[in-house]
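As provided, final-v1.txt (compact mmCIF, C-alpha atoms) reads as follows.
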```txt
# COMPACT_ATOMS: atom_id res chain seq x y z
CA MET W 1 -5.43 -29.67 -12.58
CA SER W 2 -6.69 -31.61 -9.59
CA THR W 3 -9.88 -33.63 -9.43
CA GLU W 4 -9.83 -33.86 -5.64
CA LYS W 5 -12.77 -32.41 -3.79
CA ALA W 6 -11.92 -28.95 -2.59
CA SER W 7 -12.31 -28.60 1.12
CA GLU W 8 -14.64 -25.66 1.25
CA PRO W 9 -12.54 -23.05 -0.54
CA LYS W 10 -13.19 -19.52 0.66
CA VAL W 11 -12.54 -17.69 -2.59
CA GLY W 12 -13.71 -18.65 -6.06
CA VAL W 13 -12.09 -18.48 -9.47
CA SER W 14 -13.73 -15.08 -9.94
CA GLY W 15 -11.97 -13.71 -6.87
CA ARG W 16 -15.31 -13.44 -5.05
CA LYS W 17 -16.13 -15.23 -1.81
CA ILE W 18 -17.74 -18.66 -2.22
CA VAL W 19 -21.17 -18.65 -0.59
CA TYR W 20 -22.33 -21.76 1.26
CA ASP W 21 -25.83 -22.79 2.31
CA LYS W 22 -26.69 -23.27 5.93
CA ASP W 23 -26.07 -27.02 5.51
CA GLY W 24 -22.47 -26.30 4.48
CA LYS W 25 -22.89 -27.14 0.79
CA PRO W 26 -21.87 -24.60 -1.87
CA CYS W 27 -24.95 -22.53 -2.80
CA ARG W 28 -25.74 -22.98 -6.48
CA THR W 29 -27.99 -19.94 -6.67
CA CYS W 30 -25.54 -17.68 -4.79
CA ASN W 31 -22.35 -18.23 -6.82
CA SER W 32 -21.40 -17.85 -10.45
CA LEU W 33 -21.38 -21.14 -12.33
CA THR W 34 -17.58 -21.37 -12.48
CA ASP W 35 -17.21 -20.60 -8.77
CA PHE W 36 -19.88 -23.17 -7.91
CA GLN W 37 -18.17 -25.80 -10.05
CA PHE W 38 -14.83 -25.00 -8.43
CA ALA W 39 -16.34 -25.28 -4.94
CA THR W 40 -18.02 -28.61 -5.66
CA THR W 41 -15.32 -30.35 -7.70
CA GLY W 42 -12.11 -28.53 -6.84
CA ILE W 43 -11.48 -28.18 -10.57
CA LYS W 44 -10.51 -24.79 -11.86
CA PRO W 45 -11.57 -24.10 -15.44
CA ALA W 46 -8.67 -24.77 -17.82
CA LYS W 47 -8.94 -21.24 -19.07
CA ALA W 48 -10.59 -18.38 -17.28
CA ALA W 49 -13.73 -17.33 -19.14
CA ALA W 50 -13.15 -14.22 -21.20
CA LYS W 51 -14.31 -11.19 -19.27
CA LYS W 52 -17.54 -9.98 -20.79
CA PRO W 53 -17.35 -6.44 -22.10
CA VAL W 54 -19.34 -3.99 -19.97
CA LYS W 55 -22.64 -3.43 -21.74
CA ASP W 56 -23.76 0.12 -22.32
CA ALA W 57 -26.97 0.29 -20.28
CA TYR W 58 -27.82 3.52 -22.09
CA LYS W 59 -28.32 1.55 -25.28
CA ASP W 60 -30.38 -1.26 -23.81
CA ILE W 61 -34.03 -1.16 -24.75
CA PRO W 62 -37.05 -2.21 -22.70
CA PRO W 63 -37.54 -5.98 -22.67
CA ASP W 64 -40.27 -7.47 -24.87
CA VAL W 65 -42.78 -10.17 -23.99
CA GLU W 66 -40.33 -12.99 -24.75
CA VAL W 67 -37.51 -11.61 -22.62
CA ILE W 68 -39.92 -10.88 -19.75
CA GLY W 69 -41.36 -14.39 -20.05
CA LYS W 70 -38.00 -16.13 -20.03
CA SER W 71 -36.76 -14.01 -17.12
CA SER W 72 -39.86 -14.72 -15.09
CA TRP W 73 -39.75 -18.50 -15.57
CA THR W 74 -36.07 -18.42 -14.58
CA LEU W 75 -36.95 -16.64 -11.36
CA LEU W 76 -39.99 -18.79 -10.54
CA HIS W 77 -38.28 -22.15 -11.17
CA SER W 78 -35.27 -20.98 -9.14
CA ILE W 79 -37.65 -20.06 -6.32
CA ALA W 80 -39.02 -23.63 -6.51
CA ALA W 81 -35.44 -24.97 -6.40
CA THR W 82 -34.74 -23.15 -3.13
CA TYR W 83 -38.19 -23.44 -1.52
CA PRO W 84 -37.95 -25.56 1.66
CA GLU W 85 -38.39 -29.32 1.27
CA THR W 86 -40.84 -29.22 4.16
CA PRO W 87 -42.17 -25.67 4.38
CA ASP W 88 -44.07 -24.52 7.44
CA ASN W 89 -47.61 -23.22 7.24
CA LYS W 90 -46.57 -19.57 6.94
CA GLN W 91 -44.16 -20.33 4.10
CA GLN W 92 -46.94 -22.15 2.25
CA LEU W 93 -49.40 -19.28 2.68
CA ASP W 94 -46.71 -16.75 1.72
CA LEU W 95 -45.89 -18.62 -1.47
CA LYS W 96 -49.56 -18.72 -2.49
CA GLN W 97 -49.80 -15.00 -1.81
CA PHE W 98 -46.62 -14.35 -3.81
CA LEU W 99 -48.01 -16.24 -6.83
CA LYS W 100 -51.27 -14.29 -6.66
CA LEU W 101 -49.44 -10.95 -6.53
CA PHE W 102 -47.09 -12.12 -9.27
CA GLY W 103 -50.13 -12.64 -11.53
CA ASN W 104 -51.49 -9.20 -10.57
CA PHE W 105 -48.29 -7.30 -11.28
CA TYR W 106 -47.04 -9.31 -14.26
CA PRO W 107 -45.94 -6.76 -16.89
CA CYS W 108 -47.80 -8.41 -19.79
CA TRP W 109 -51.43 -8.01 -18.73
CA TYR W 110 -52.92 -10.81 -20.80
CA CYS W 111 -50.17 -13.23 -19.72
CA GLY W 112 -50.87 -12.26 -16.10
CA ASP W 113 -54.61 -12.84 -16.66
CA ASP W 114 -53.84 -16.30 -18.06
CA PHE W 115 -51.62 -17.07 -15.08
CA LYS W 116 -54.33 -15.98 -12.63
CA GLU W 117 -56.86 -18.11 -14.48
CA TYR W 118 -54.49 -21.09 -14.22
CA LEU W 119 -54.05 -20.38 -10.50
CA GLY W 120 -57.84 -20.29 -10.07
CA LYS W 121 -58.29 -23.66 -11.77
CA ASN W 122 -55.16 -25.35 -10.39
CA GLU W 123 -54.59 -24.67 -6.71
CA PRO W 124 -50.80 -24.27 -6.27
CA LYS W 125 -49.23 -27.26 -4.55
CA VAL W 126 -47.00 -25.72 -1.95
CA ASP W 127 -46.75 -28.41 0.74
CA THR W 128 -43.33 -29.65 -0.39
CA GLN W 129 -40.55 -28.38 -2.65
CA ASP W 130 -41.09 -31.24 -5.09
CA ALA W 131 -44.85 -30.67 -5.25
CA PHE W 132 -44.33 -26.98 -6.02
CA GLY W 133 -41.60 -27.64 -8.58
CA ARG W 134 -43.92 -30.03 -10.43
CA TRP W 135 -46.93 -27.72 -10.20
CA LEU W 136 -44.86 -24.89 -11.68
CA CYS W 137 -43.49 -27.15 -14.40
CA ASP W 138 -47.08 -28.07 -15.33
CA ALA W 139 -48.03 -24.38 -15.43
CA HIS W 140 -45.05 -23.66 -17.68
CA ASN W 141 -46.03 -26.56 -19.96
CA GLU W 142 -49.53 -25.11 -20.35
CA VAL W 143 -47.91 -21.93 -21.70
CA ASN W 144 -45.49 -23.97 -23.86
CA VAL W 145 -48.47 -25.67 -25.51
CA LYS W 146 -50.20 -22.32 -26.15
CA LEU W 147 -47.03 -21.03 -27.83
CA GLY W 148 -46.49 -24.18 -29.88
CA LYS W 149 -43.37 -25.09 -27.92
CA PRO W 150 -42.51 -28.63 -26.78
CA LYS W 151 -43.59 -29.75 -23.31
CA PHE W 152 -40.92 -30.55 -20.73
CA ASP W 153 -40.92 -33.84 -18.77
CA CYS W 154 -41.78 -32.64 -15.27
CA ASN W 155 -40.19 -35.71 -13.70
CA LEU W 156 -36.91 -34.00 -14.60
CA TRP W 157 -37.64 -30.55 -13.13
CA LYS W 158 -34.97 -30.92 -10.43
CA GLN W 159 -32.23 -31.77 -12.91
CA ARG W 160 -33.19 -28.78 -15.08
CA TRP W 161 -33.69 -26.19 -12.34
CA LYS W 162 -32.04 -27.39 -9.14
CA ASP W 163 -29.34 -30.05 -9.27
CA GLY W 164 -28.07 -30.13 -12.84
CA TRP W 165 -27.90 -33.22 -15.04
CA GLU W 166 -24.81 -34.97 -13.73
CA GLU W 167 -25.29 -34.94 -10.02
CA LYS W 168 -28.69 -35.81 -8.56
CA SER W 169 -28.09 -33.62 -5.56
CA LEU W 170 -24.99 -31.96 -4.21
CA MET K 171 -41.45 0.09 -47.05
CA SER K 172 -43.92 2.57 -45.66
CA THR K 173 -43.26 4.93 -42.79
CA GLU K 174 -46.94 5.72 -42.28
CA LYS K 175 -48.41 4.91 -38.91
CA ALA K 176 -50.12 1.58 -39.10
CA SER K 177 -53.75 1.81 -38.16
CA GLU K 178 -53.90 -0.75 -35.43
CA PRO K 179 -52.85 -3.86 -37.33
CA LYS K 180 -54.38 -7.04 -35.98
CA VAL K 181 -51.57 -9.42 -36.84
CA GLY K 182 -47.85 -8.87 -36.37
CA VAL K 183 -44.82 -9.77 -38.43
CA SER K 184 -44.52 -12.95 -36.35
CA GLY K 185 -47.99 -14.08 -37.40
CA ARG K 186 -49.22 -13.60 -33.83
CA LYS K 187 -52.03 -11.24 -32.82
CA ILE K 188 -50.89 -7.73 -31.85
CA VAL K 189 -51.91 -7.04 -28.25
CA TYR K 190 -53.13 -3.55 -27.32
CA ASP K 191 -53.40 -1.93 -23.92
CA LYS K 192 -56.73 -0.78 -22.59
CA ASP K 193 -55.91 2.74 -23.85
CA GLY K 194 -55.62 1.41 -27.41
CA LYS K 195 -51.83 1.70 -27.69
CA PRO K 196 -49.75 -1.33 -28.68
CA CYS K 197 -48.59 -3.08 -25.52
CA ARG K 198 -44.79 -3.10 -25.35
CA THR K 199 -44.62 -5.82 -22.70
CA CYS K 200 -47.17 -8.05 -24.46
CA ASN K 201 -45.68 -8.23 -27.97
CA SER K 202 -42.35 -9.31 -29.39
CA LEU K 203 -40.09 -6.39 -30.21
CA THR K 204 -40.56 -6.67 -33.98
CA ASP K 205 -44.36 -6.90 -33.65
CA PHE K 206 -44.39 -3.90 -31.31
CA GLN K 207 -42.25 -1.88 -33.72
CA PHE K 208 -44.51 -2.86 -36.62
CA ALA K 209 -47.62 -1.86 -34.66
CA THR K 210 -46.18 1.53 -33.64
CA THR K 211 -44.43 2.55 -36.85
CA GLY K 212 -46.05 0.47 -39.58
CA ILE K 213 -42.57 -0.52 -40.68
CA LYS K 214 -41.92 -4.19 -41.30
CA PRO K 215 -38.34 -5.28 -40.72
CA ALA K 216 -36.44 -5.37 -44.03
CA LYS K 217 -35.63 -8.99 -43.42
CA ALA K 218 -37.51 -11.27 -41.09
CA ALA K 219 -35.32 -12.17 -38.13
CA ALA K 220 -33.83 -15.63 -38.52
CA LYS K 221 -35.92 -18.13 -36.65
CA LYS K 222 -34.02 -19.14 -33.53
CA PRO K 223 -33.23 -22.85 -33.37
CA VAL K 224 -35.27 -24.64 -30.70
CA LYS K 225 -33.03 -25.05 -27.67
CA ASP K 226 -32.75 -28.44 -26.08
CA ALA K 227 -34.19 -27.87 -22.61
CA TYR K 228 -32.72 -31.20 -21.54
CA LYS K 229 -29.25 -29.72 -21.85
CA ASP K 230 -29.95 -26.46 -20.04
CA ILE K 231 -28.42 -26.23 -16.60
CA PRO K 232 -29.77 -24.47 -13.49
CA PRO K 233 -29.22 -20.70 -13.61
CA ASP K 234 -26.41 -19.23 -11.52
CA VAL K 235 -26.47 -16.11 -9.36
CA GLU K 236 -25.78 -13.80 -12.30
CA VAL K 237 -28.53 -15.19 -14.51
CA ILE K 238 -31.01 -15.13 -11.62
CA GLY K 239 -30.01 -11.54 -10.80
CA LYS K 240 -30.38 -10.29 -14.34
CA SER K 241 -33.71 -12.09 -14.78
CA SER K 242 -35.05 -10.65 -11.55
CA TRP K 243 -34.11 -7.05 -12.33
CA THR K 244 -35.71 -7.46 -15.75
CA LEU K 245 -38.95 -8.58 -14.13
CA LEU K 246 -38.93 -5.94 -11.38
CA HIS K 247 -38.16 -2.98 -13.67
CA SER K 248 -40.83 -4.20 -16.11
CA ILE K 249 -43.29 -4.35 -13.23
CA ALA K 250 -42.40 -0.71 -12.48
CA ALA K 251 -42.94 0.14 -16.16
CA THR K 252 -46.49 -1.22 -16.06
CA TYR K 253 -47.43 -0.23 -12.50
CA PRO K 254 -50.30 2.30 -12.59
CA GLU K 255 -49.34 5.99 -12.83
CA THR K 256 -51.76 6.66 -9.97
CA PRO K 257 -52.22 3.40 -8.08
CA ASP K 258 -55.04 3.01 -5.59
CA ASN K 259 -54.43 2.18 -1.97
CA LYS K 260 -54.78 -1.58 -2.47
CA GLN K 261 -52.31 -1.60 -5.36
CA GLN K 262 -49.78 0.27 -3.21
CA LEU K 263 -50.15 -2.16 -0.30
CA ASP K 264 -50.01 -5.14 -2.67
CA LEU K 265 -46.79 -3.91 -4.23
CA LYS K 266 -45.15 -3.50 -0.83
CA GLN K 267 -46.27 -6.99 0.09
CA PHE K 268 -44.95 -8.36 -3.21
CA LEU K 269 -41.51 -6.81 -2.60
CA LYS K 270 -41.38 -8.25 0.91
CA LEU K 271 -42.28 -11.74 -0.33
CA PHE K 272 -39.84 -11.33 -3.22
CA GLY K 273 -37.04 -10.77 -0.68
CA ASN K 274 -38.19 -13.81 1.32
CA PHE K 275 -38.30 -16.21 -1.61
CA TYR K 276 -35.35 -14.87 -3.59
CA PRO K 277 -33.31 -17.93 -4.65
CA CYS K 278 -29.95 -16.51 -3.53
CA TRP K 279 -30.40 -16.27 0.21
CA TYR K 280 -27.76 -13.65 0.93
CA CYS K 281 -28.96 -11.48 -1.96
CA GLY K 282 -32.50 -11.77 -0.58
CA ASP K 283 -31.24 -10.79 2.89
CA ASP K 284 -29.54 -7.73 1.38
CA PHE K 285 -32.74 -6.80 -0.44
CA LYS K 286 -34.81 -7.13 2.73
CA GLU K 287 -32.28 -5.00 4.60
CA TYR K 288 -32.55 -2.37 1.86
CA LEU K 289 -36.35 -2.53 2.10
CA GLY K 290 -36.14 -2.04 5.86
CA LYS K 291 -33.95 1.05 5.53
CA ASN K 292 -35.61 2.51 2.42
CA GLU K 293 -39.39 2.33 2.53
CA PRO K 294 -40.52 1.51 -1.04
CA LYS K 295 -42.07 4.50 -2.79
CA VAL K 296 -45.20 3.10 -4.33
CA ASP K 297 -47.50 6.14 -4.60
CA THR K 298 -46.83 6.72 -8.30
CA GLN K 299 -45.27 4.76 -11.15
CA ASP K 300 -42.41 7.23 -11.44
CA ALA K 301 -41.69 7.15 -7.70
CA PHE K 302 -41.52 3.36 -7.75
CA GLY K 303 -39.40 3.26 -10.91
CA ARG K 304 -36.87 5.59 -9.29
CA TRP K 305 -36.90 3.77 -5.96
CA LEU K 306 -36.19 0.49 -7.75
CA CYS K 307 -33.46 2.10 -9.85
CA ASP K 308 -31.81 3.33 -6.63
CA ALA K 309 -32.04 -0.17 -5.14
CA HIS K 310 -30.44 -1.61 -8.28
CA ASN K 311 -27.67 0.98 -8.12
CA GLU K 312 -26.88 -0.02 -4.55
CA VAL K 313 -26.25 -3.56 -5.83
CA ASN K 314 -24.30 -2.23 -8.83
CA VAL K 315 -21.96 -0.43 -6.44
CA LYS K 316 -21.48 -3.58 -4.32
CA LEU K 317 -20.56 -5.52 -7.47
CA GLY K 318 -18.23 -2.84 -8.80
CA LYS K 319 -20.57 -2.06 -11.69
CA PRO K 320 -21.36 1.45 -12.90
CA LYS K 321 -24.39 3.26 -11.49
CA PHE K 322 -27.27 4.09 -13.84
CA ASP K 323 -28.74 7.61 -14.07
CA CYS K 324 -32.18 7.10 -12.51
CA ASN K 325 -33.57 10.14 -14.32
CA LEU K 326 -33.49 7.88 -17.37
CA TRP K 327 -35.25 4.84 -15.90
CA LYS K 328 -38.30 5.27 -18.16
CA GLN K 329 -36.23 5.34 -21.34
CA ARG K 330 -34.35 2.21 -20.25
CA TRP K 331 -37.28 0.16 -18.95
CA LYS K 332 -40.52 1.61 -20.26
CA ASP K 333 -40.51 3.84 -23.33
CA GLY K 334 -37.23 3.22 -25.13
CA TRP K 335 -34.72 5.87 -26.12
CA GLU K 336 -36.31 7.40 -29.19
CA GLU K 337 -39.85 8.03 -28.15
CA LYS K 338 -40.58 9.55 -24.73
CA SER K 339 -43.90 7.78 -24.51
CA LEU K 340 -46.00 5.93 -27.06
```
For the file at hand, write its structure as structure tokens.
Amino acid sequence: MSTEKASEPKVGVSGRKIVYDKDGKPCRTCNSLTDFQFATTGIKPAKAAAKKPVKDAYKDIPPDVEVIGKSSWTLLHSIAATYPETPDNKQQLDLKQFLKLFGNFYPCWYCGDDFKEYLGKNEPKVDTQDAFGRWLCDAHNEVNVKLGKPKFDCNLWKQRWKDGWEEKSL
Amino acid sequence: MSTEKASEPKVGVSGRKIVYDKDGKPCRTCNSLTDFQFATTGIKPAKAAAKKPVKDAYKDIPPDVEVIGKSSWTLLHSIAATYPETPDNKQQLDLKQFLKLFGNFYPCWYCGDDFKEYLGKNEPKVDTQDAFGRWLCDAHNEVNVKLGKPKFDCNLWKQRWKDGWEEKSL
């Protein structure tokens, strides 16, 4: 096992192509975790992860409010993690519009109403990636408090949702 | 254990309020699965589900392409499941706009590009809930094929994402 940096491998441990961002760094949100780790460290996992059995989609049931909530926060925080550091005016307006429509179409109507109320009282901060990531983390904390869950330290949003805990940025 | 229909219980097995839709039916996307089942059947689970341990959010790592993909399909199909049966003109335009912005902001850039390309070639069908549910199922199948996963029978999208397998509609 080598700990040398891989020099931009083309194919990952999974056999799929490694996807890079436009700046040449491996794209965290475009690769599986093991492929991303391989591309950034050159280390192959000691043992290939067991292949997950194919789930029978004809037995899956519609997601409940908790699954929908968790899925949606995953998507929104990942959007924050890939939102431009210095977005242009159109990107800022588009993101505000996306959040508004997100509240309108959210599958749990009372959750969507709460989100729209939060949006109305707390103008989304969309002028930088960090500002948006923190605004979203605050919005998530408001829901955490309502559900009796612990608040998250929003100073750490990038470690949790963008860069991981070991490396500050890749 | 009773199998009688509950008459609109106010509080669920979880201790939380049961949420109803505007038509008076229990809201599937607004309640936890056990609360929804209790509200629709009157049956309490034989044994309360074990309380999940609180996860340490400070150990969670950023989601990879597979987690983001699964989360996003969960959200989109659930949006289809709660989209109006007969949407007005504004709702139809808003949904198209939402899909476009979704493609723009999708955290995996090449997946987002693929989605936008699909949108360009396959105008979203947003004139009824069923039309949109099927359109989205077709879009998902296109990705399934690219990933070597089995296609899903889109005639069954409502059972999978809206009504469940036992009851056609609640």
Find the distance between atom CA of Asn259 of chain K and atom CA of Gly194 of chain K and write it in Å to one decimal. 25.5 Å
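Put simply, atom CA of Ala301 of chain K is 20.6 Å away from atom CA of Cys108 of chain W.
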Compile the residues of chain K that lie within 6 Å of chain W, evaluated using only C-alpha atoms, and express the compilation as a PyMOL selection string. chain K and resi 199-203+231-232+234-235+241+248-249+252+277-278+330-332+334
Pairwise distance, atom CA of Val296 of chain K with atom CA of Gly273 of chain K, equals 16.5 Å
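Of the listed residues (W:Lys116, W:Lys146, W:Arg134, W:Lys25), W:Lys25 comes nearest to Thr41 of chain W; the distances count only C-alpha atoms.
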